[in-house]
file entry_3.cif (mmCIF, C-alpha atoms and all ligand atoms)
data_work
#
loop_
_atom_site.label_atom_id
_atom_site.label_comp_id
_atom_site.auth_asym_id
_atom_site.auth_seq_id
_atom_site.Cartn_x
_atom_site.Cartn_y
_atom_site.Cartn_z
CA MET A 191 0.77 -6.73 -4.15
CA ALA A 192 1.18 -9.67 -6.52
CA GLU A 193 4.07 -11.86 -5.35
CA GLU A 194 5.92 -11.86 -8.70
CA ARG A 195 5.61 -8.06 -9.12
CA ARG A 196 6.98 -7.14 -5.71
CA SER A 197 10.21 -5.24 -5.97
CA HIS A 198 13.03 -6.24 -3.69
CA LEU A 199 14.38 -3.89 -1.03
CA VAL A 200 17.81 -4.89 0.23
CA VAL A 201 18.86 -3.12 3.41
CA PHE A 202 22.51 -3.08 4.46
CA THR A 203 22.91 -1.94 8.06
CA GLY A 204 25.77 -0.99 10.37
CA SER A 205 26.08 -0.10 14.02
CA GLY A 206 24.48 3.34 13.44
CA ILE A 207 21.05 1.74 13.15
CA SER A 208 21.39 0.44 16.72
CA ALA A 209 22.88 3.66 18.14
CA GLU A 210 19.47 4.98 19.21
CA SER A 211 18.92 1.69 21.04
CA GLY A 212 21.95 2.51 23.20
CA ILE A 213 24.51 0.34 21.43
CA GLN A 214 27.84 2.04 20.76
CA THR A 215 29.16 2.49 17.23
CA PHE A 216 32.82 1.71 16.58
CA ARG A 217 34.77 4.55 15.00
CA ALA A 218 33.38 7.70 16.62
CA SER A 219 35.74 9.48 19.04
CA ASP A 220 33.70 7.91 21.85
CA GLY A 221 33.18 4.67 19.90
CA LEU A 222 33.91 1.15 21.05
CA TRP A 223 37.34 0.91 19.42
CA ALA A 224 38.50 4.08 21.22
CA ASP A 225 38.48 2.28 24.59
CA HIS A 226 39.10 -1.26 23.37
CA PRO A 227 41.91 -1.58 20.82
CA ILE A 228 40.93 -3.96 18.02
CA GLU A 229 44.25 -5.84 18.38
CA ALA A 230 43.47 -6.55 22.05
CA VAL A 231 39.93 -7.91 21.70
CA ALA A 232 38.87 -8.64 18.13
CA THR A 233 41.55 -10.66 16.33
CA PRO A 234 42.59 -14.33 16.36
CA GLU A 235 45.93 -13.20 17.85
CA ALA A 236 44.14 -11.48 20.75
CA TRP A 237 42.23 -14.71 21.37
CA ARG A 238 45.45 -16.75 21.46
CA ARG A 239 47.21 -14.21 23.67
CA ASP A 240 44.50 -13.42 26.20
CA PRO A 241 41.23 -15.34 25.73
CA ARG A 242 39.92 -14.23 29.11
CA ARG A 243 40.08 -10.56 28.07
CA VAL A 244 38.35 -11.33 24.76
CA LEU A 245 35.57 -13.27 26.48
CA GLU A 246 35.07 -10.47 29.03
CA PHE A 247 34.80 -7.89 26.26
CA TYR A 248 32.08 -9.86 24.46
CA ASN A 249 30.31 -10.88 27.69
CA THR A 250 29.91 -7.18 28.56
CA ARG A 251 28.65 -6.37 25.08
CA ARG A 252 26.24 -9.32 25.12
CA ALA A 253 24.68 -8.03 28.34
CA GLN A 254 24.23 -4.59 26.68
CA VAL A 255 22.58 -6.17 23.64
CA ARG A 256 20.13 -8.08 25.85
CA ARG A 257 19.15 -4.83 27.62
CA ALA A 258 18.71 -2.90 24.34
CA ARG A 259 15.37 -2.63 22.55
CA PRO A 260 14.69 -2.22 18.81
CA ASN A 261 14.20 1.43 17.85
CA ALA A 262 11.97 3.16 15.28
CA ALA A 263 14.29 2.23 12.38
CA HIS A 264 14.34 -1.52 13.14
CA LYS A 265 10.56 -1.44 13.67
CA ALA A 266 9.81 0.45 10.45
CA LEU A 267 11.76 -2.10 8.36
CA ALA A 268 9.93 -4.98 10.04
CA GLU A 269 6.60 -3.25 9.49
CA LEU A 270 7.34 -2.82 5.78
CA GLU A 271 7.91 -6.56 5.48
CA LYS A 272 4.72 -7.26 7.43
CA ARG A 273 2.80 -5.08 4.95
CA GLY A 274 3.88 -7.39 2.11
CA PHE A 275 7.02 -5.69 0.79
CA ARG A 276 9.91 -7.98 -0.08
CA VAL A 277 12.69 -6.99 2.32
CA SER A 278 16.10 -8.62 2.82
CA ILE A 279 18.38 -7.32 5.54
CA ILE A 280 22.13 -7.79 5.52
CA THR A 281 23.62 -6.50 8.73
CA GLN A 282 27.15 -6.02 9.96
CA ASN A 283 25.72 -5.92 13.47
CA ILE A 284 26.09 -8.77 15.89
CA ASP A 285 23.00 -7.73 17.88
CA ASP A 286 19.56 -9.27 17.28
CA LEU A 287 17.52 -6.04 17.14
CA HIS A 288 16.29 -6.58 13.56
CA GLU A 289 14.92 -10.00 14.52
CA ARG A 290 13.39 -8.72 17.74
CA ALA A 291 11.63 -5.97 15.76
CA GLY A 292 10.09 -8.73 13.62
CA SER A 293 12.28 -8.87 10.47
CA ARG A 294 12.51 -12.41 9.14
CA ASN A 295 15.15 -12.26 6.39
CA VAL A 296 18.27 -11.20 8.24
CA LEU A 297 21.81 -12.21 7.28
CA HIS A 298 24.51 -11.47 9.85
CA LEU A 299 27.75 -10.81 7.97
CA HIS A 300 29.87 -10.48 11.11
CA GLY A 301 28.20 -13.15 13.23
CA GLU A 302 25.87 -13.06 16.23
CA ILE A 303 26.86 -12.24 19.77
CA LEU A 304 24.01 -14.30 21.21
CA LYS A 305 25.64 -17.45 19.87
CA ALA A 306 28.78 -19.31 20.90
CA ARG A 307 30.71 -21.60 18.65
CA SER A 308 33.38 -24.22 18.91
CA THR A 309 36.97 -23.08 18.34
CA VAL A 310 37.64 -26.22 16.28
CA ASP A 311 34.46 -26.46 14.24
CA ALA A 312 32.59 -23.27 13.26
CA ARG A 313 29.48 -25.33 12.45
CA MET A 314 29.07 -26.30 16.10
CA GLN A 315 27.00 -23.36 17.31
CA TYR A 316 25.06 -22.84 20.52
CA ARG A 317 22.45 -20.21 21.42
CA LEU A 318 23.18 -18.16 24.54
CA PRO A 319 19.78 -17.25 25.97
CA ARG A 320 21.44 -16.09 29.20
CA GLY A 321 24.87 -15.62 30.71
CA GLY A 322 28.20 -15.39 28.92
CA ILE A 323 31.06 -17.61 27.80
CA GLU A 324 33.73 -18.43 30.35
CA LEU A 325 37.11 -20.12 30.04
CA GLY A 326 36.40 -23.83 30.41
CA ASP A 327 33.03 -23.73 28.63
CA ILE A 328 33.41 -26.39 25.95
CA CYS A 329 31.66 -27.68 22.83
CA ASP A 330 30.48 -31.27 22.31
CA LYS A 331 33.95 -32.15 21.00
CA GLY A 332 35.59 -30.83 24.17
CA SER A 333 37.06 -27.60 22.77
CA GLN A 334 36.77 -24.13 24.25
CA LEU A 335 33.79 -22.07 23.10
CA ARG A 336 34.24 -18.60 21.58
CA PRO A 337 31.78 -15.92 20.50
CA ASP A 338 30.25 -16.59 17.09
CA VAL A 339 31.55 -13.32 15.68
CA VAL A 340 33.91 -12.61 12.79
CA TRP A 341 37.17 -11.09 13.97
CA PHE A 342 39.52 -8.89 11.97
CA GLY A 343 41.71 -11.12 9.82
CA GLU A 344 39.07 -13.86 9.56
CA SER A 345 37.07 -14.66 6.47
CA VAL A 346 33.44 -13.59 6.21
CA PRO A 347 31.54 -16.85 5.73
CA HIS A 348 28.29 -15.40 4.37
CA PHE A 349 29.84 -12.88 2.01
CA ALA A 350 29.06 -14.75 -1.23
CA GLU A 351 25.45 -15.19 -0.14
CA ALA A 352 25.25 -11.46 0.68
CA CYS A 353 26.60 -10.58 -2.79
CA GLU A 354 23.88 -12.71 -4.37
CA ILE A 355 21.16 -10.99 -2.36
CA VAL A 356 22.47 -7.51 -3.24
CA GLY A 357 22.69 -8.60 -6.87
CA GLU A 358 18.91 -9.08 -6.82
CA ALA A 359 18.09 -5.69 -5.31
CA ASP A 360 15.66 -3.27 -6.92
CA LEU A 361 16.67 -0.68 -4.33
CA LEU A 362 19.58 -0.77 -1.90
CA LEU A 363 19.12 1.08 1.38
CA VAL A 364 22.30 1.51 3.43
CA VAL A 365 21.88 2.63 7.05
CA GLY A 366 24.34 3.71 9.72
CA THR A 367 27.67 2.49 8.50
CA SER A 368 30.93 4.30 7.77
CA LEU A 369 31.64 1.75 5.00
CA ALA A 370 35.15 1.46 6.42
CA VAL A 371 35.40 -2.32 6.67
CA MET A 372 36.06 -4.73 3.81
CA PRO A 373 34.75 -6.87 2.35
CA ALA A 374 31.39 -5.67 3.75
CA ALA A 375 31.63 -2.19 2.20
CA SER A 376 32.29 -3.64 -1.24
CA LEU A 377 28.77 -5.13 -1.22
CA LEU A 378 27.55 -1.86 -2.77
CA ASP A 379 29.49 -2.74 -5.93
CA HIS A 380 27.33 -5.85 -6.38
CA ALA A 381 24.03 -3.97 -6.75
CA PRO A 382 22.58 -3.97 -10.28
CA MET A 383 23.42 -0.80 -12.24
CA GLU A 384 19.75 0.20 -12.43
CA ALA A 385 19.06 -0.21 -8.70
CA PRO A 386 19.12 3.12 -6.84
CA CYS A 387 21.21 3.20 -3.68
CA VAL A 388 20.40 5.44 -0.68
CA LEU A 389 22.50 6.01 2.44
CA VAL A 390 20.80 7.15 5.68
CA ASP A 391 23.47 8.36 8.10
CA PRO A 392 24.05 11.69 9.87
CA GLU A 393 27.46 11.68 8.15
CA ALA A 394 26.09 10.68 4.74
CA GLU A 395 27.39 13.86 3.08
CA ARG A 396 30.96 12.90 3.95
CA LEU A 397 30.63 9.12 3.52
CA SER A 398 28.52 8.60 0.46
CA PRO A 399 30.34 7.02 -2.46
CA PRO A 400 29.60 8.49 -5.92
CA GLY A 401 26.14 7.62 -7.26
CA VAL A 402 24.67 7.01 -3.80
CA ALA A 403 21.81 9.28 -2.70
CA ARG A 404 22.23 10.79 0.79
CA ILE A 405 19.81 11.28 3.63
CA CYS A 406 21.73 13.04 6.38
CA GLN A 407 19.58 11.96 9.30
CA THR A 408 19.65 9.51 12.13
CA ALA A 409 18.25 6.06 11.39
CA GLY A 410 15.39 6.63 13.86
CA LYS A 411 14.14 9.59 11.78
CA GLY A 412 15.26 8.85 8.22
CA VAL A 413 14.24 5.20 7.94
CA PRO A 414 10.63 5.56 9.20
CA GLN A 415 10.19 8.56 6.85
CA LEU A 416 11.28 6.52 3.84
CA VAL A 417 9.17 3.56 4.92
CA ARG A 418 6.07 5.76 5.35
CA HIS A 419 6.65 7.11 1.84
CA TRP A 420 6.91 3.61 0.34
CA GLN A 421 3.81 2.49 2.21
CA ARG A 422 1.80 5.49 0.94
CA GLU A 423 2.93 4.82 -2.63
CA GLY A 424 2.44 1.06 -2.32
CA ARG A 425 5.79 0.55 -4.04
CA LEU A 426 9.48 1.44 -3.66
CA TRP A 427 9.77 3.73 -6.69
N1 LIG B 1 21.63 6.76 12.93
C1 LIG B 1 22.29 6.39 11.80
N2 LIG B 1 23.63 6.35 11.71
C2 LIG B 1 24.33 6.72 12.79
C3 LIG B 1 23.71 7.12 13.99
C4 LIG B 1 22.29 7.14 14.04
N3 LIG B 1 21.61 7.51 15.13
N4 LIG B 1 24.70 7.42 14.89
C5 LIG B 1 25.87 7.21 14.27
N5 LIG B 1 25.65 6.78 13.00
C6 LIG B 1 26.62 6.41 11.95
C7 LIG B 1 27.93 7.15 11.97
O1 LIG B 1 27.81 8.41 11.33
C8 LIG B 1 28.83 6.19 11.21
O2 LIG B 1 28.81 6.45 9.82
O3 LIG B 1 26.95 5.07 12.11
C9 LIG B 1 28.20 4.82 11.47
C10 LIG B 1 29.02 3.91 12.35
O4 LIG B 1 30.23 3.62 11.71
P1 LIG B 1 31.32 2.68 12.41
O5 LIG B 1 31.52 3.11 13.81
O6 LIG B 1 32.49 2.62 11.52
O7 LIG B 1 30.56 1.25 12.46
P2 LIG B 1 30.21 0.25 11.30
O8 LIG B 1 30.21 0.89 9.97
O9 LIG B 1 28.98 -0.45 11.74
O10 LIG B 1 31.42 -0.75 11.39
C11 LIG B 1 31.50 -1.86 10.53
O11 LIG B 1 33.45 -2.58 11.65
O12 LIG B 1 34.59 -2.86 13.62
C12 LIG B 1 33.84 -3.49 12.67
O13 LIG B 1 32.77 -5.52 12.89
C13 LIG B 1 32.61 -4.16 13.19
O14 LIG B 1 30.51 -4.53 12.04
C14 LIG B 1 31.49 -3.55 12.40
C15 LIG B 1 32.19 -2.99 11.19
#
call {"tool": "encode", "arguments": {"input": "entry_3.cif", "output": "structure tokens"}}
result
Amino acid sequence: MAEERRSHLVVFTGSGISAESGIQTFRASDGLWADHPIEAVATPEAWRRDPRRVLEFYNTRRAQVRRARPNAAHKALAELEKRGFRVSIITQNIDDLHERAGSRNVLHLHGEILKARSTVDARMQYRLPRGGIELGDICDKGSQLRPDVVWFGESVPHFAEACEIVGEADLLLVVGTSLAVMPAASLLDHAPMEAPCVLVDPEAERLSPPGVARICQTAGKGVPQLVRHWQREGRLW
């Protein structure tokens, strides 16, 4: 495929793409927020009120992420990129399963659980190859570390960049998200008018905004099927 002729696939993923890797989604009746109220673990107020509880919540989730393995959907997207397709991934997920599958262009809208950051300076970030964050763990400026994730009520630092990427899509593939959280869900509005948009989600029938094609399947089935089709055709559409 000639570099300048390659069309651009932008993939926007949510927790549903990692569900078959054993990572819980958020809003199902047995989802993460059912047992852990957002106000108690995922807001700046929760952090001020009870930082130990917040750290414990993310330490447990970090251990789950480390145990999880990329599934067929993550792998298919990475394979497409390896075969020479131009693929950009924008994920709401804080896990690293896209990267571990081999995808190279991944933007984390809501941060990364395998990183810590300073509470006083968001640019001071540290990888967490093992272990968790404890009270008393400090940055180089002496301030407490926190997970490098975006909490409810905080701004989304990479949102403008994500809008630019979506604005250059030839096809937008949305996978495993209820599109319930702003501003992430509004990314769909930034796709060019002529770019088709497809949602792969078992609940796609119910969730799909107008003009979005639906594939009511799990990510592990629906994404590899689409990818195989694109590979056979040698193009997206
Ligand atoms: N394959 C594909 N999609 C699936 C699968 C699967 N195997 N299993 C469940 N889903 C879908 C559900 O149907 C649902 O539409 O995944 C979606 C999960 O939706 P939510 O629980 O709302 O999670 P998400 O959209 O990722 O949440 C967005 O909200 O709480 C915040 O910061 C958090 O990034 C998260 C954001």
call {"tool": "closest_residue", "arguments": {"input": "entry_3.cif", "among": "A:Ala218, A:Leu297, A:Leu325, A:Ala312", "to": "Gly206 of chain A", "atoms": "all atoms listed in the file"}}
result
A:Ala218
call {"tool": "closest_residue", "arguments": {"input": "entry_3.cif", "among": "A:Arg238, A:His300, A:Arg313, A:Arg294", "to": "ligand LIG 1 (chain B)", "atoms": "only C-alpha atoms and all ligand atoms"}}
result
A:His300
call {"tool": "residues_near_point", "arguments": {"input": "entry_3.cif", "point": "(19.9, 0.7, -4.4)", "cutoff": "7 Å", "atoms": "all atoms listed in the file", "output": "JSON list (two decimals) with C-alpha atoms, keeping the file's coordinate frame"}}
result
[["chain", "number", "residue", "atom", "x", "y", "z"],
["A", 359, "ALA", "CA", 18.09, -5.69, -5.31],
["A", 360, "ASP", "CA", 15.66, -3.27, -6.92],
["A", 361, "LEU", "CA", 16.67, -0.68, -4.33],
["A", 362, "LEU", "CA", 19.58, -0.77, -1.90],
["A", 363, "LEU", "CA", 19.12, 1.08, 1.38],
["A", 381, "ALA", "CA", 24.03, -3.97, -6.75],
["A", 385, "ALA", "CA", 19.06, -0.21, -8.70],
["A", 386, "PRO", "CA", 19.12, 3.12, -6.84],
["A", 387, "CYS", "CA", 21.21, 3.20, -3.68],
["A", 388, "VAL", "CA", 20.40, 5.44, -0.68]]
call {"tool": "atom_distance", "arguments": {"input": "entry_3.cif", "atom1": "atom CA of Thr215 of chain A", "atom2": "atom CA of Ser293 of chain A"}}
result
21.4 Å
call {"tool": "atom_distance", "arguments": {"input": "entry_3.cif", "atom1": "atom C4 of ligand LIG 1 (chain B)", "atom2": "atom CA of Ser278 of chain A"}}
result
20.3 Å
call {"tool": "residues_near_ligand", "arguments": {"input": "entry_3.cif", "ligand": "ligand LIG 1 (chain B)", "cutoff": "7 Å", "atoms": "all atoms listed in the file", "output": "NGL selection string"}}
result
:A and (204-207 or 209-210 or 215-218 or 221 or 282-283 or 300 or 365-371 or 390-393 or 407-410)
call {"tool": "write_last_selection", "arguments": {"input": "entry_3.cif", "atoms": "C-alpha atoms", "output": "short mmCIF file (atom, residue, chain, number, x, y, z; two decimals), in the frame of the given file"}}
result
data_model
loop_
_atom_site.label_atom_id
_atom_site.label_comp_id
_atom_site.auth_asym_id
_atom_site.auth_seq_id
_atom_site.Cartn_x
_atom_site.Cartn_y
_atom_site.Cartn_z
CA GLY A 204 25.77 -0.99 10.37
CA SER A 205 26.08 -0.10 14.02
CA GLY A 206 24.48 3.34 13.44
CA ILE A 207 21.05 1.74 13.15
CA ALA A 209 22.88 3.66 18.14
CA GLU A 210 19.47 4.98 19.21
CA THR A 215 29.16 2.49 17.23
CA PHE A 216 32.82 1.71 16.58
CA ARG A 217 34.77 4.55 15.00
CA ALA A 218 33.38 7.70 16.62
CA GLY A 221 33.18 4.67 19.90
CA GLN A 282 27.15 -6.02 9.96
CA ASN A 283 25.72 -5.92 13.47
CA HIS A 300 29.87 -10.48 11.11
CA VAL A 365 21.88 2.63 7.05
CA GLY A 366 24.34 3.71 9.72
CA THR A 367 27.67 2.49 8.50
CA SER A 368 30.93 4.30 7.77
CA LEU A 369 31.64 1.75 5.00
CA ALA A 370 35.15 1.46 6.42
CA VAL A 371 35.40 -2.32 6.67
CA VAL A 390 20.80 7.15 5.68
CA ASP A 391 23.47 8.36 8.10
CA PRO A 392 24.05 11.69 9.87
CA GLU A 393 27.46 11.68 8.15
CA GLN A 407 19.58 11.96 9.30
CA THR A 408 19.65 9.51 12.13
CA ALA A 409 18.25 6.06 11.39
CA GLY A 410 15.39 6.63 13.86
#
call {"tool": "closest_residue", "arguments": {"input": "entry_3.cif", "among": "A:Leu397, A:Val339, A:Leu389, A:Ala352", "to": "Pro234 of chain A", "atoms": "all atoms listed in the file"}}
result
A:Val339
call {"tool": "closest_residue", "arguments": {"input": "entry_3.cif", "among": "A:His419, A:Ile280, A:Arg243, A:Gly424", "to": "Leu378 of chain A", "atoms": "all atoms listed in the file"}}
result
A:Ile280
call {"tool": "residues_around", "arguments": {"input": "entry_3.cif", "residues": "Glu358 of chain A", "least_positions_apart": "3", "cutoff": "8 Å", "atoms": "all atoms listed in the file", "output": "VMD selection string"}}
result
chain A and resid 198 354 to 355 381 to 382
call {"tool": "atom_distance", "arguments": {"input": "entry_3.cif", "atom1": "atom CA of Phe342 of chain A", "atom2": "atom CA of Val200 of chain A"}}
result
25.0 Å
call {"tool": "residues_around", "arguments": {"input": "entry_3.cif", "residues": "Ile303 of chain A", "least_positions_apart": "2", "cutoff": "10 Å", "atoms": "all atoms listed in the file", "output": "ChimeraX atom specification"}}
result
/A:248-249,251-253,255-256,283-286,300-301,305-306,317-318,322,336-340
call {"tool": "closest_residue", "arguments": {"input": "entry_3.cif", "among": "A:His348, A:Arg257, A:Arg404, A:Lys265", "to": "Ile213 of chain A", "atoms": "all atoms listed in the file"}}
result
A:Arg257
call {"tool": "residues_around", "arguments": {"input": "entry_3.cif", "residues": "Ala232 of chain A", "least_positions_apart": "2", "cutoff": "7 Å", "atoms": "all atoms listed in the file", "output": "PyMOL selection string"}}
result
chain A and resi 228-230+236+341-342
call {"tool": "closest_residue", "arguments": {"input": "entry_3.cif", "among": "A:Glu302, A:Glu423, A:Glu324, A:Glu235", "to": "Thr281 of chain A", "atoms": "all atoms listed in the file"}}
result
A:Glu302
call {"tool": "decode", "arguments": {"input": "entry_3.cif", "residues": "segment 218-245 of chain A", "atoms": "N, CA and C atoms", "output": "mmCIF file, in the first residue's frame"}}
result
data_model
loop_
_atom_site.group_PDB
_atom_site.id
_atom_site.type_symbol
_atom_site.label_atom_id
_atom_site.label_comp_id
_atom_site.auth_asym_id
_atom_site.auth_seq_id
_atom_site.Cartn_x
_atom_site.Cartn_y
_atom_site.Cartn_z
ATOM 1 N N ALA A 218 -22.502 -1.913 33.824
ATOM 2 C CA ALA A 218 -23.379 -3.094 33.864
ATOM 3 C C ALA A 218 -23.858 -3.279 35.311
ATOM 4 N N SER A 219 -24.910 -4.114 35.498
ATOM 5 C CA SER A 219 -25.415 -4.296 36.867
ATOM 6 C C SER A 219 -24.334 -4.916 37.761
ATOM 7 N N ASP A 220 -23.412 -5.685 37.148
ATOM 8 C CA ASP A 220 -22.291 -6.220 37.933
ATOM 9 C C ASP A 220 -20.989 -5.481 37.604
ATOM 10 N N GLY A 221 -21.129 -4.237 37.104
ATOM 11 C CA GLY A 221 -19.958 -3.449 36.716
ATOM 12 C C GLY A 221 -19.240 -2.851 37.915
ATOM 13 N N LEU A 222 -18.104 -2.264 37.624
ATOM 14 C CA LEU A 222 -17.229 -1.731 38.674
ATOM 15 C C LEU A 222 -17.914 -0.684 39.547
ATOM 16 N N TRP A 223 -18.703 0.197 38.905
ATOM 17 C CA TRP A 223 -19.326 1.273 39.703
ATOM 18 C C TRP A 223 -20.472 0.763 40.581
ATOM 19 N N ALA A 224 -20.919 -0.476 40.369
ATOM 20 C CA ALA A 224 -21.984 -1.008 41.225
ATOM 21 C C ALA A 224 -21.451 -1.252 42.640
ATOM 22 N N ASP A 225 -20.199 -1.713 42.733
ATOM 23 C CA ASP A 225 -19.621 -2.024 44.047
ATOM 24 C C ASP A 225 -18.777 -0.895 44.619
ATOM 25 N N HIS A 226 -18.362 0.013 43.725
ATOM 26 C CA HIS A 226 -17.459 1.086 44.164
ATOM 27 C C HIS A 226 -18.034 2.411 43.701
ATOM 28 N N PRO A 227 -18.791 3.103 44.568
ATOM 29 C CA PRO A 227 -19.410 4.358 44.121
ATOM 30 C C PRO A 227 -18.355 5.337 43.593
ATOM 31 N N ILE A 228 -18.674 5.944 42.456
ATOM 32 C CA ILE A 228 -17.747 6.896 41.830
ATOM 33 C C ILE A 228 -17.294 7.950 42.848
ATOM 34 N N GLU A 229 -18.259 8.486 43.635
ATOM 35 C CA GLU A 229 -17.930 9.575 44.563
ATOM 36 C C GLU A 229 -16.943 9.137 45.646
ATOM 37 N N ALA A 230 -16.827 7.808 45.846
ATOM 38 C CA ALA A 230 -15.941 7.329 46.919
ATOM 39 C C ALA A 230 -14.523 7.047 46.425
ATOM 40 N N VAL A 231 -14.376 6.832 45.099
ATOM 41 C CA VAL A 231 -13.051 6.386 44.634
ATOM 42 C C VAL A 231 -12.515 7.107 43.387
ATOM 43 N N ALA A 232 -13.340 7.884 42.709
ATOM 44 C CA ALA A 232 -12.875 8.396 41.411
ATOM 45 C C ALA A 232 -13.180 9.879 41.204
ATOM 46 N N THR A 233 -13.021 10.657 42.271
ATOM 47 C CA THR A 233 -13.191 12.116 42.153
ATOM 48 C C THR A 233 -12.089 12.802 42.979
ATOM 49 N N PRO A 234 -11.794 14.053 42.673
ATOM 50 C CA PRO A 234 -10.812 14.782 43.489
ATOM 51 C C PRO A 234 -11.271 14.883 44.956
ATOM 52 N N GLU A 235 -12.583 14.953 45.169
ATOM 53 C CA GLU A 235 -13.098 15.052 46.548
ATOM 54 C C GLU A 235 -12.816 13.761 47.308
ATOM 55 N N ALA A 236 -13.003 12.624 46.622
ATOM 56 C CA ALA A 236 -12.719 11.322 47.259
ATOM 57 C C ALA A 236 -11.253 11.259 47.666
ATOM 58 N N TRP A 237 -10.396 11.759 46.798
ATOM 59 C CA TRP A 237 -8.950 11.756 47.071
ATOM 60 C C TRP A 237 -8.629 12.611 48.305
ATOM 61 N N ARG A 238 -9.281 13.757 48.406
ATOM 62 C CA ARG A 238 -9.025 14.637 49.562
ATOM 63 C C ARG A 238 -9.554 14.002 50.850
ATOM 64 N N ARG A 239 -10.729 13.347 50.718
ATOM 65 C CA ARG A 239 -11.399 12.797 51.896
ATOM 66 C C ARG A 239 -10.721 11.535 52.394
ATOM 67 N N ASP A 240 -10.385 10.634 51.470
ATOM 68 C CA ASP A 240 -9.884 9.322 51.895
ATOM 69 C C ASP A 240 -8.894 8.772 50.858
ATOM 70 N N PRO A 241 -7.679 9.345 50.814
ATOM 71 C CA PRO A 241 -6.716 8.924 49.790
ATOM 72 C C PRO A 241 -6.340 7.458 49.895
ATOM 73 N N ARG A 242 -6.354 6.924 51.118
ATOM 74 C CA ARG A 242 -5.983 5.508 51.270
ATOM 75 C C ARG A 242 -6.963 4.610 50.508
ATOM 76 N N ARG A 243 -8.259 4.926 50.643
ATOM 77 C CA ARG A 243 -9.279 4.123 49.941
ATOM 78 C C ARG A 243 -9.110 4.224 48.421
ATOM 79 N N VAL A 244 -8.832 5.432 47.951
ATOM 80 C CA VAL A 244 -8.644 5.631 46.505
ATOM 81 C C VAL A 244 -7.435 4.829 46.020
ATOM 82 N N LEU A 245 -6.339 4.909 46.758
ATOM 83 C CA LEU A 245 -5.130 4.174 46.345
ATOM 84 C C LEU A 245 -5.391 2.669 46.344
#
